[in-house]
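Q: Data: structure17.pdb, PDB, C-alpha atoms and all ligand atoms.
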ATOM      1  CA  MET A  11      95.470 -83.297  11.422
ATOM      2  CA  THR A  12      94.696 -81.063   8.485
ATOM      3  CA  THR A  13      93.306 -77.561   8.886
ATOM      4  CA  ALA A  14      90.001 -78.862   7.493
ATOM      5  CA  ASN A  15      89.896 -81.657  10.120
ATOM      6  CA  LEU A  16      90.655 -79.224  12.922
ATOM      7  CA  ARG A  17      87.988 -76.832  11.694
ATOM      8  CA  ALA A  18      85.423 -79.657  11.420
ATOM      9  CA  LEU A  19      86.241 -80.729  15.007
ATOM     10  CA  LEU A  20      85.796 -77.183  16.281
ATOM     11  CA  GLU A  21      82.497 -76.769  14.416
ATOM     12  CA  TRP A  22      81.307 -80.065  15.867
ATOM     13  CA  GLN A  23      82.043 -78.842  19.409
ATOM     14  CA  ILE A  24      80.186 -75.598  18.731
ATOM     15  CA  GLU A  25      77.210 -77.644  17.445
ATOM     16  CA  LEU A  26      77.300 -79.588  20.728
ATOM     17  CA  GLY A  27      77.017 -76.324  22.618
ATOM     18  CA  ALA A  28      80.628 -75.502  23.585
ATOM     19  CA  THR A  29      80.864 -71.745  23.953
ATOM     20  CA  GLU A  30      84.348 -71.227  25.431
ATOM     21  CA  ALA A  31      87.842 -72.580  24.773
ATOM     22  CA  ILE A  32      89.156 -73.000  28.296
ATOM     23  CA  GLY A  33      92.692 -74.420  28.238
ATOM     24  CA  ASP A  34      94.952 -77.261  27.154
ATOM     25  CA  ALA A  35      95.399 -78.818  30.605
ATOM     26  CA  PRO A  36      92.346 -80.369  32.306
ATOM     27  CA  VAL A  37      91.434 -78.994  35.757
ATOM     28  CA  ASN A  38      90.243 -81.386  38.421
ATOM     29  CA  ARG A  39      87.550 -79.283  40.056
ATOM     30  CA  PHE A  40      87.331 -81.717  42.996
ATOM     31  CA  GLU A  41      90.889 -80.747  43.968
ATOM     32  CA  VAL A  42      90.434 -76.992  43.609
ATOM     33  CA  PRO A  43      89.648 -75.395  47.000
ATOM     34  CA  ALA A  44      86.245 -73.718  47.001
ATOM     35  CA  ALA A  45      86.706 -69.996  46.372
ATOM     36  CA  ALA A  46      85.295 -67.507  48.860
ATOM     37  CA  PRO A  47      81.971 -66.144  47.545
ATOM     38  CA  LYS A  48      82.525 -63.016  45.452
ATOM     39  CA  PRO A  49      80.925 -59.823  46.720
ATOM     40  CA  ALA A  50      77.904 -58.924  44.563
ATOM     41  CA  VAL A  51      78.734 -56.499  41.739
ATOM     42  CA  ARG A  52      77.055 -53.135  42.225
ATOM     43  CA  VAL A  53      75.987 -51.111  39.210
ATOM     44  CA  ALA A  54      76.186 -47.353  39.723
ATOM     45  CA  GLY A  55      72.722 -45.904  40.155
ATOM     46  CA  ALA A  56      70.998 -49.302  40.508
ATOM     47  CA  ALA A  57      68.934 -50.136  43.557
ATOM     48  CA  PRO A  58      70.980 -52.338  45.904
ATOM     49  CA  PRO A  59      70.099 -55.988  45.303
ATOM     50  CA  PRO A  60      68.153 -57.592  48.112
ATOM     51  CA  PRO A  61      70.078 -60.113  50.221
ATOM     52  CA  VAL A  62      70.193 -63.443  48.388
ATOM     53  CA  THR A  63      67.642 -65.612  50.118
ATOM     54  CA  GLU A  64      66.994 -69.112  48.878
ATOM     55  CA  SER A  65      63.413 -68.444  49.852
ATOM     56  CA  ASP A  66      61.709 -66.249  47.331
ATOM     57  CA  PRO A  67      63.335 -65.401  44.013
ATOM     58  CA  ILE A  68      59.969 -64.264  42.640
ATOM     59  CA  ALA A  69      59.332 -61.796  45.470
ATOM     60  CA  ASP A  70      62.857 -60.417  44.998
ATOM     61  CA  ALA A  71      62.268 -60.114  41.244
ATOM     62  CA  ARG A  72      59.030 -58.237  41.841
ATOM     63  CA  ALA A  73      60.641 -55.849  44.358
ATOM     64  CA  MET A  74      63.601 -55.142  42.073
ATOM     65  CA  ALA A  75      61.453 -54.742  38.947
ATOM     66  CA  GLU A  76      58.956 -52.459  40.657
ATOM     67  CA  GLY A  77      61.783 -50.327  42.044
ATOM     68  CA  ALA A  78      62.863 -49.448  38.477
ATOM     69  CA  THR A  79      61.405 -46.174  37.228
ATOM     70  CA  SER A  80      62.962 -46.215  33.734
ATOM     71  CA  LEU A  81      64.076 -48.764  31.158
ATOM     72  CA  GLU A  82      67.713 -48.044  32.065
ATOM     73  CA  GLU A  83      67.008 -48.766  35.729
ATOM     74  CA  LEU A  84      65.151 -51.930  34.782
ATOM     75  CA  GLN A  85      68.158 -53.132  32.790
ATOM     76  CA  MET A  86      70.412 -52.407  35.773
ATOM     77  CA  ALA A  87      68.016 -54.224  38.105
ATOM     78  CA  LEU A  88      68.107 -57.277  35.828
ATOM     79  CA  ALA A  89      71.906 -57.167  35.752
ATOM     80  CA  ALA A  90      71.939 -57.145  39.557
ATOM     81  CA  TYR A  91      69.293 -59.895  39.981
ATOM     82  CA  PRO A  92      71.049 -62.678  41.877
ATOM     83  CA  HIS A  93      68.784 -65.730  41.512
ATOM     84  CA  CYS A  94      68.830 -66.766  37.862
ATOM     85  CA  GLU A  95      71.482 -69.381  37.090
ATOM     86  CA  LEU A  96      71.224 -68.626  33.354
ATOM     87  CA  ALA A  97      73.102 -65.355  33.932
ATOM     88  CA  LYS A  98      76.220 -67.317  34.906
ATOM     89  CA  GLY A  99      76.437 -69.189  31.613
ATOM     90  CA  ALA A 100      75.557 -66.291  29.328
ATOM     91  CA  ARG A 101      77.997 -63.907  27.666
ATOM     92  CA  ASN A 102      75.616 -60.962  27.698
ATOM     93  CA  LEU A 103      72.380 -59.765  29.206
ATOM     94  CA  VAL A 104      70.045 -59.350  26.222
ATOM     95  CA  PHE A 105      67.689 -56.563  27.264
ATOM     96  CA  ALA A 106      65.911 -55.123  24.224
ATOM     97  CA  ASP A 107      66.331 -53.552  20.821
ATOM     98  CA  GLY A 108      64.445 -51.156  18.571
ATOM     99  CA  GLN A 109      62.541 -48.032  19.437
ATOM    100  CA  PRO A 110      61.254 -47.883  23.043
ATOM    101  CA  GLU A 111      58.767 -45.187  21.991
ATOM    102  CA  ALA A 112      57.145 -47.451  19.385
ATOM    103  CA  ARG A 113      53.431 -48.243  19.537
ATOM    104  CA  LEU A 114      54.233 -51.916  19.068
ATOM    105  CA  MET A 115      56.244 -54.160  21.403
ATOM    106  CA  LEU A 116      57.258 -57.706  20.468
ATOM    107  CA  ILE A 117      58.080 -60.347  23.072
ATOM    108  CA  GLY A 118      59.989 -63.491  22.153
ATOM    109  CA  GLU A 119      61.290 -66.438  24.100
ATOM    110  CA  ALA A 120      65.013 -66.222  24.924
ATOM    111  CA  PRO A 121      68.281 -65.261  23.257
ATOM    112  CA  GLY A 122      70.063 -67.834  21.133
ATOM    113  CA  ARG A 123      73.760 -68.046  20.336
ATOM    114  CA  ASP A 124      73.877 -65.004  18.047
ATOM    115  CA  GLU A 125      71.858 -62.866  20.442
ATOM    116  CA  ASP A 126      74.068 -63.932  23.376
ATOM    117  CA  ILE A 127      77.132 -62.794  21.448
ATOM    118  CA  ALA A 128      75.616 -59.533  20.166
ATOM    119  CA  GLY A 129      73.728 -58.643  23.374
ATOM    120  CA  LYS A 130      70.619 -57.892  21.259
ATOM    121  CA  PRO A 131      67.422 -59.867  20.700
ATOM    122  CA  PHE A 132      66.517 -61.471  17.366
ATOM    123  CA  VAL A 133      69.695 -60.879  15.381
ATOM    124  CA  GLY A 134      70.272 -64.477  14.171
ATOM    125  CA  ARG A 135      68.510 -66.264  11.311
ATOM    126  CA  ALA A 136      65.106 -66.212  12.998
ATOM    127  CA  GLY A 137      65.530 -62.516  13.775
ATOM    128  CA  GLN A 138      66.466 -61.747  10.185
ATOM    129  CA  LEU A 139      63.294 -63.464   8.982
ATOM    130  CA  LEU A 140      61.285 -61.540  11.575
ATOM    131  CA  ASP A 141      62.748 -58.239  10.333
ATOM    132  CA  ILE A 142      61.831 -59.137   6.739
ATOM    133  CA  MET A 143      58.253 -59.993   7.760
ATOM    134  CA  PHE A 144      57.804 -56.722   9.631
ATOM    135  CA  ARG A 145      59.400 -54.695   6.840
ATOM    136  CA  GLU A 146      56.751 -56.149   4.508
ATOM    137  CA  ILE A 147      54.103 -54.348   6.576
ATOM    138  CA  GLY A 148      56.122 -51.139   6.732
ATOM    139  CA  LEU A 149      57.758 -51.583  10.151
ATOM    140  CA  ASP A 150      61.450 -51.403  10.942
ATOM    141  CA  ARG A 151      62.865 -51.759  14.459
ATOM    142  CA  ALA A 152      65.517 -49.151  13.700
ATOM    143  CA  SER A 153      63.080 -46.512  12.444
ATOM    144  CA  PRO A 154      63.189 -43.280  14.457
ATOM    145  CA  ASP A 155      59.452 -42.847  13.743
ATOM    146  CA  PRO A 156      57.456 -44.540  16.573
ATOM    147  CA  ASP A 157      54.608 -45.265  14.109
ATOM    148  CA  ARG A 158      56.905 -47.227  11.802
ATOM    149  CA  ALA A 159      59.155 -48.814  14.419
ATOM    150  CA  PHE A 160      58.839 -51.592  16.962
ATOM    151  CA  TYR A 161      60.472 -52.412  20.278
ATOM    152  CA  ILE A 162      61.544 -55.990  20.946
ATOM    153  CA  THR A 163      62.554 -58.090  23.938
ATOM    154  CA  ASN A 164      62.343 -61.662  25.252
ATOM    155  CA  VAL A 165      60.810 -63.360  28.269
ATOM    156  CA  LEU A 166      64.298 -64.502  29.328
ATOM    157  CA  PRO A 167      67.188 -62.047  29.023
ATOM    158  CA  TRP A 168      69.901 -64.744  29.171
ATOM    159  CA  ARG A 169      70.560 -67.597  26.770
ATOM    160  CA  PRO A 170      69.555 -71.023  28.102
ATOM    161  CA  PRO A 171      72.374 -73.543  27.604
ATOM    162  CA  GLN A 172      72.231 -75.232  24.203
ATOM    163  CA  ASN A 173      69.078 -73.230  23.472
ATOM    164  CA  ARG A 174      66.974 -75.553  25.612
ATOM    165  CA  ASP A 175      63.394 -74.533  26.426
ATOM    166  CA  PRO A 176      62.960 -72.096  29.322
ATOM    167  CA  LYS A 177      62.044 -73.858  32.571
ATOM    168  CA  PRO A 178      58.768 -72.808  34.260
ATOM    169  CA  GLU A 179      60.692 -71.511  37.293
ATOM    170  CA  GLU A 180      62.894 -69.354  35.023
ATOM    171  CA  ILE A 181      59.822 -67.874  33.361
ATOM    172  CA  ALA A 182      58.227 -67.269  36.782
ATOM    173  CA  MET A 183      61.351 -65.412  37.991
ATOM    174  CA  MET A 184      61.592 -63.236  34.922
ATOM    175  CA  LEU A 185      57.887 -62.454  34.584
ATOM    176  CA  PRO A 186      57.924 -59.489  37.026
ATOM    177  CA  PHE A 187      60.701 -57.928  34.909
ATOM    178  CA  VAL A 188      58.789 -58.516  31.662
ATOM    179  CA  GLU A 189      55.634 -57.030  33.143
ATOM    180  CA  ARG A 190      57.546 -53.976  34.355
ATOM    181  CA  HIS A 191      59.244 -53.732  30.945
ATOM    182  CA  ILE A 192      55.826 -53.492  29.290
ATOM    183  CA  ALA A 193      54.576 -50.978  31.870
ATOM    184  CA  LEU A 194      57.611 -48.735  31.329
ATOM    185  CA  ALA A 195      57.638 -48.970  27.508
ATOM    186  CA  LYS A 196      53.841 -48.373  27.374
ATOM    187  CA  PRO A 197      53.195 -49.923  23.941
ATOM    188  CA  GLU A 198      49.673 -49.746  22.506
ATOM    189  CA  LEU A 199      49.868 -53.266  21.083
ATOM    190  CA  LEU A 200      51.836 -56.397  21.945
ATOM    191  CA  VAL A 201      52.910 -59.263  19.713
ATOM    192  CA  LEU A 202      53.713 -62.513  21.530
ATOM    193  CA  ILE A 203      56.172 -64.581  19.524
ATOM    194  CA  GLY A 204      55.788 -68.319  20.019
ATOM    195  CA  ASN A 205      54.572 -70.609  22.776
ATOM    196  CA  HIS A 206      56.745 -69.460  25.669
ATOM    197  CA  ALA A 207      55.769 -65.811  25.336
ATOM    198  CA  CYS A 208      52.093 -66.893  25.276
ATOM    199  CA  GLN A 209      52.616 -69.136  28.289
ATOM    200  CA  ALA A 210      54.286 -66.308  30.222
ATOM    201  CA  LEU A 211      51.861 -63.515  29.367
ATOM    202  CA  LEU A 212      48.575 -65.255  28.600
ATOM    203  CA  GLY A 213      49.039 -68.322  30.795
ATOM    204  CA  ARG A 214      48.188 -70.414  27.718
ATOM    205  CA  LYS A 215      50.105 -72.557  25.258
ATOM    206  CA  GLY A 216      49.184 -73.958  21.845
ATOM    207  CA  ILE A 217      50.483 -71.344  19.453
ATOM    208  CA  THR A 218      49.014 -72.978  16.352
ATOM    209  CA  ARG A 219      45.553 -72.439  17.898
ATOM    210  CA  LEU A 220      46.288 -69.076  19.558
ATOM    211  CA  ARG A 221      47.988 -67.386  16.600
ATOM    212  CA  GLY A 222      46.176 -64.692  14.728
ATOM    213  CA  THR A 223      43.501 -64.085  17.378
ATOM    214  CA  TRP A 224      43.788 -60.993  19.572
ATOM    215  CA  ALA A 225      44.011 -61.676  23.287
ATOM    216  CA  GLU A 226      44.780 -59.372  26.219
ATOM    217  CA  ALA A 227      48.027 -59.219  28.178
ATOM    218  CA  GLN A 228      48.902 -56.632  30.806
ATOM    219  CA  GLY A 229      45.760 -54.708  29.879
ATOM    220  CA  ARG A 230      46.824 -54.368  26.237
ATOM    221  CA  PRO A 231      45.718 -56.084  23.020
ATOM    222  CA  ALA A 232      48.172 -58.896  22.309
ATOM    223  CA  LEU A 233      48.502 -60.887  19.096
ATOM    224  CA  PRO A 234      50.156 -64.320  19.341
ATOM    225  CA  MET A 235      52.250 -65.177  16.269
ATOM    226  CA  LEU A 236      54.212 -68.186  15.088
ATOM    227  CA  HIS A 237      57.877 -68.029  16.046
ATOM    228  CA  PRO A 238      60.128 -67.257  13.036
ATOM    229  CA  ALA A 239      62.387 -70.177  14.059
ATOM    230  CA  TYR A 240      59.319 -72.412  13.542
ATOM    231  CA  LEU A 241      58.724 -70.778  10.155
ATOM    232  CA  LEU A 242      62.311 -71.558   9.146
ATOM    233  CA  ARG A 243      61.644 -75.226   9.902
ATOM    234  CA  ASN A 244      58.097 -75.219   8.461
ATOM    235  CA  PRO A 245      58.032 -72.852   5.493
ATOM    236  CA  ALA A 246      54.462 -73.914   4.641
ATOM    237  CA  ALA A 247      53.293 -72.121   7.811
ATOM    238  CA  LYS A 248      54.458 -68.779   6.351
ATOM    239  CA  ARG A 249      51.028 -68.486   4.735
ATOM    240  CA  GLU A 250      49.360 -68.263   8.170
ATOM    241  CA  ALA A 251      52.103 -65.986   9.463
ATOM    242  CA  TRP A 252      51.466 -63.620   6.550
ATOM    243  CA  ALA A 253      47.746 -63.511   7.356
ATOM    244  CA  ASP A 254      48.682 -62.548  10.935
ATOM    245  CA  MET A 255      50.999 -59.787   9.707
ATOM    246  CA  LEU A 256      48.142 -58.342   7.655
ATOM    247  CA  GLU A 257      45.862 -58.516  10.697
ATOM    248  CA  LEU A 258      48.475 -56.615  12.701
ATOM    249  CA  GLN A 259      48.894 -54.011   9.959
ATOM    250  CA  ALA A 260      45.128 -53.474   9.836
ATOM    251  CA  ARG A 261      44.965 -53.037  13.625
ATOM    252  CA  LEU A 262      47.852 -50.566  13.614
ATOM    253  CA  ARG A 263      46.034 -48.498  10.991
ATOM    254  CA  THR A 264      43.032 -48.141  13.281
ATOM    255  CA  LEU A 265      45.103 -46.612  16.108
TER     256      LEU A 265
HETATM  257  N1  LIG Z 301      64.449 -66.512  19.471
HETATM  258  C1  LIG Z 301      63.860 -65.770  20.443
HETATM  259  O1  LIG Z 301      62.789 -66.107  20.941
HETATM  260  N2  LIG Z 301      64.490 -64.650  20.820
HETATM  261  C2  LIG Z 301      65.625 -64.225  20.286
HETATM  262  O2  LIG Z 301      66.119 -63.176  20.686
HETATM  263  C3  LIG Z 301      66.212 -65.026  19.276
HETATM  264  C4  LIG Z 301      65.602 -66.154  18.885
END
Could you take the file, read its structure, and then write that structure out as structure tokens?

A:
Amino acid sequence: MTTANLRALLEWQIELGATEAIGDAPVNRFEVPAAAPKPAVRVAGAAPPPPVTESDPIADARAMAEGATSLEELQMALAAYPHCELAKGARNLVFADGQPEARLMLIGEAPGRDEDIAGKPFVGRAGQLLDIMFREIGLDRASPDPDRAFYITNVLPWRPPQNRDPKPEEIAMMLPFVERHIALAKPELLVLIGNHACQALLGRKGITRLRGTWAEAQGRPALPMLHPAYLLRNPAAKREAWADMLELQARLRTL
């Protein structure tokens, strides 16, 4: 095996979705005695997680989300939420990035590989395109000025394996946290990035029809936009995306 062959094999495994190198010797999981369940991890200051009941993950999510009185507490509540299987396969909880005081809050779908590694939303190729688009209308997530900044999160805070689409039950579990996130950040305007954010917050899909027309989510004006990952695959759609950015800029100027 040459170094180039070995590297190509590794890259192929990463393409297939392998995220960890585990060991040389295979482990027969059928022969390993089942481990005793681990006690739940407690985060200092976080509300104690409710007992894990198979019954109602959504009710538990709502209780935990509503118990959070700040963004920090909400992040801790998410970290302690026991029902979402995605948390087990993810490297990091991806909570949010940017300026929480900003007038504008963006909501995407779910972290990808780069976001899972960095623990921040929209830092991969799609995120870089998104930053360029927003910079073109004078907005920068890192700006200390709330009028020139934005705050950004996702419907799901953990990466789905192999970047598969979120399942409806995962969106339903995470929705109380997203709604609380919006209530605590108090943005004046929302941007919903792609179909899954529209499905979660507007109850509607069909982003190519929804994009560019203001709707209402959580009592706030919400503009659906094409996902930058879609724009990377369909550069011709950047024309429509640009029209939507100008619409957003015009709306921000009226505030
Ligand atoms: N796509 C998303 O919807 N969110 C991210 O954080 C990255 C890519």

Q: Evaluate the PyMOL selection byres (((not hetatm)) within 9 of (chain Z and resi 301)) here and jot the selected residues down as a PyMOL selection string.

A: chain A and resi 104+106+117-126+130-137+162-167+169+203-204+206-207+237-239

Q: Could those residues be written to a file, using C-alpha atoms, as an mmCIF file, in the coordinates of the input?

A:
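Saved as again_33.cif:
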data_model
loop_
_atom_site.group_PDB
_atom_site.id
_atom_site.type_symbol
_atom_site.label_atom_id
_atom_site.label_comp_id
_atom_site.auth_asym_id
_atom_site.auth_seq_id
_atom_site.Cartn_x
_atom_site.Cartn_y
_atom_site.Cartn_z
ATOM 1 C CA VAL A 104 70.045 -59.350 26.222
ATOM 2 C CA ALA A 106 65.911 -55.123 24.224
ATOM 3 C CA ILE A 117 58.080 -60.347 23.072
ATOM 4 C CA GLY A 118 59.989 -63.491 22.153
ATOM 5 C CA GLU A 119 61.290 -66.438 24.100
ATOM 6 C CA ALA A 120 65.013 -66.222 24.924
ATOM 7 C CA PRO A 121 68.281 -65.261 23.257
ATOM 8 C CA GLY A 122 70.063 -67.834 21.133
ATOM 9 C CA ARG A 123 73.760 -68.046 20.336
ATOM 10 C CA ASP A 124 73.877 -65.004 18.047
ATOM 11 C CA GLU A 125 71.858 -62.866 20.442
ATOM 12 C CA ASP A 126 74.068 -63.932 23.376
ATOM 13 C CA LYS A 130 70.619 -57.892 21.259
ATOM 14 C CA PRO A 131 67.422 -59.867 20.700
ATOM 15 C CA PHE A 132 66.517 -61.471 17.366
ATOM 16 C CA VAL A 133 69.695 -60.879 15.381
ATOM 17 C CA GLY A 134 70.272 -64.477 14.171
ATOM 18 C CA ARG A 135 68.510 -66.264 11.311
ATOM 19 C CA ALA A 136 65.106 -66.212 12.998
ATOM 20 C CA GLY A 137 65.530 -62.516 13.775
ATOM 21 C CA ILE A 162 61.544 -55.990 20.946
ATOM 22 C CA THR A 163 62.554 -58.090 23.938
ATOM 23 C CA ASN A 164 62.343 -61.662 25.252
ATOM 24 C CA VAL A 165 60.810 -63.360 28.269
ATOM 25 C CA LEU A 166 64.298 -64.502 29.328
ATOM 26 C CA PRO A 167 67.188 -62.047 29.023
ATOM 27 C CA ARG A 169 70.560 -67.597 26.770
ATOM 28 C CA ILE A 203 56.172 -64.581 19.524
ATOM 29 C CA GLY A 204 55.788 -68.319 20.019
ATOM 30 C CA HIS A 206 56.745 -69.460 25.669
ATOM 31 C CA ALA A 207 55.769 -65.811 25.336
ATOM 32 C CA HIS A 237 57.877 -68.029 16.046
ATOM 33 C CA PRO A 238 60.128 -67.257 13.036
ATOM 34 C CA ALA A 239 62.387 -70.177 14.059
#

Q: In Å, rounded to a single decimal, give me how far CA of Gln228 in chain A is from CA of Ala193 in chain A.

A: 8.1 Å

Q: Would you kindly return, as a PDB file with C-alpha atoms, in the coordinates of the input, each protein, DNA or RNA residue with an atom no farther than 6 Å from any atom of Leu233 in chain A, considering only C-alpha atoms and excluding same-chain residues fewer than 4 positions away?

A:
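Output saved as around.pdb:
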ATOM      1  CA  VAL A 201      52.910 -59.263  19.713  1.00  0.00           C
ATOM      2  CA  LEU A 202      53.713 -62.513  21.530  1.00  0.00           C
ATOM      3  CA  TRP A 224      43.788 -60.993  19.572  1.00  0.00           C
TER       4      TRP A 224
END

Q: Check the smallest atom-to-atom distance from each of A:Gly216, A:Gly108, A:Pro231, A:Pro170 to Asp141 in chain A using all atoms listed in the file, then report the winner.

A: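 For Asp141 in chain A, the nearest of the candidates is A:Gly108.
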
Q: Within 6 Å of (57.3, -45.2, 29.6), all atoms listed in the file: residues as JSON, numbers by chain?

A: {"A": [194, 195, 196]}

Q: Only C-alpha atoms, please: the residues just picked out, written as a short mmCIF file (atom, residue, chain, number, x, y, z; two decimals), in the frame of the given file.

A:
data_model
loop_
_atom_site.label_atom_id
_atom_site.label_comp_id
_atom_site.auth_asym_id
_atom_site.auth_seq_id
_atom_site.Cartn_x
_atom_site.Cartn_y
_atom_site.Cartn_z
CA LEU A 194 57.61 -48.74 31.33
CA ALA A 195 57.64 -48.97 27.51
CA LYS A 196 53.84 -48.37 27.37
#

Q: Provide an axis-aligned box for all listed atoms of range 132-149 of chain A, padding each side by 8 Å; report its centre and its edge lengths in Å to one decimal, as lines of an AutoDock Vina configuration file.

A:
center_x = 62.2
center_y = -58.7
center_z = 10.9
size_x = 32.2
size_y = 31.1
size_z = 28.9

Q: Rank nothing, just name the residue among A:Phe160, A:Phe144, A:Trp168, A:Trp22 nearest to Gln109 in chain A, using only C-alpha atoms.

A: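 Comparing A:Phe160, A:Phe144, A:Trp168, A:Trp22 against Gln109 in chain A, the winner is A:Phe160.
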
Q: Might you spell out which residues the PyMOL selection byres (((chain A and resi 81) around 9) and not hetatm) would select in the displayed file, as a short mmCIF file (atom, residue, chain, number, x, y, z; two decimals) with C-alpha atoms, in the frame of the given file?

A:
data_model
loop_
_atom_site.label_atom_id
_atom_site.label_comp_id
_atom_site.auth_asym_id
_atom_site.auth_seq_id
_atom_site.Cartn_x
_atom_site.Cartn_y
_atom_site.Cartn_z
CA ALA A 78 62.86 -49.45 38.48
CA THR A 79 61.40 -46.17 37.23
CA SER A 80 62.96 -46.22 33.73
CA GLU A 82 67.71 -48.04 32.06
CA GLU A 83 67.01 -48.77 35.73
CA LEU A 84 65.15 -51.93 34.78
CA GLN A 85 68.16 -53.13 32.79
CA MET A 86 70.41 -52.41 35.77
CA PRO A 110 61.25 -47.88 23.04
CA ARG A 190 57.55 -53.98 34.35
CA HIS A 191 59.24 -53.73 30.94
CA LEU A 194 57.61 -48.74 31.33
CA ALA A 195 57.64 -48.97 27.51
#
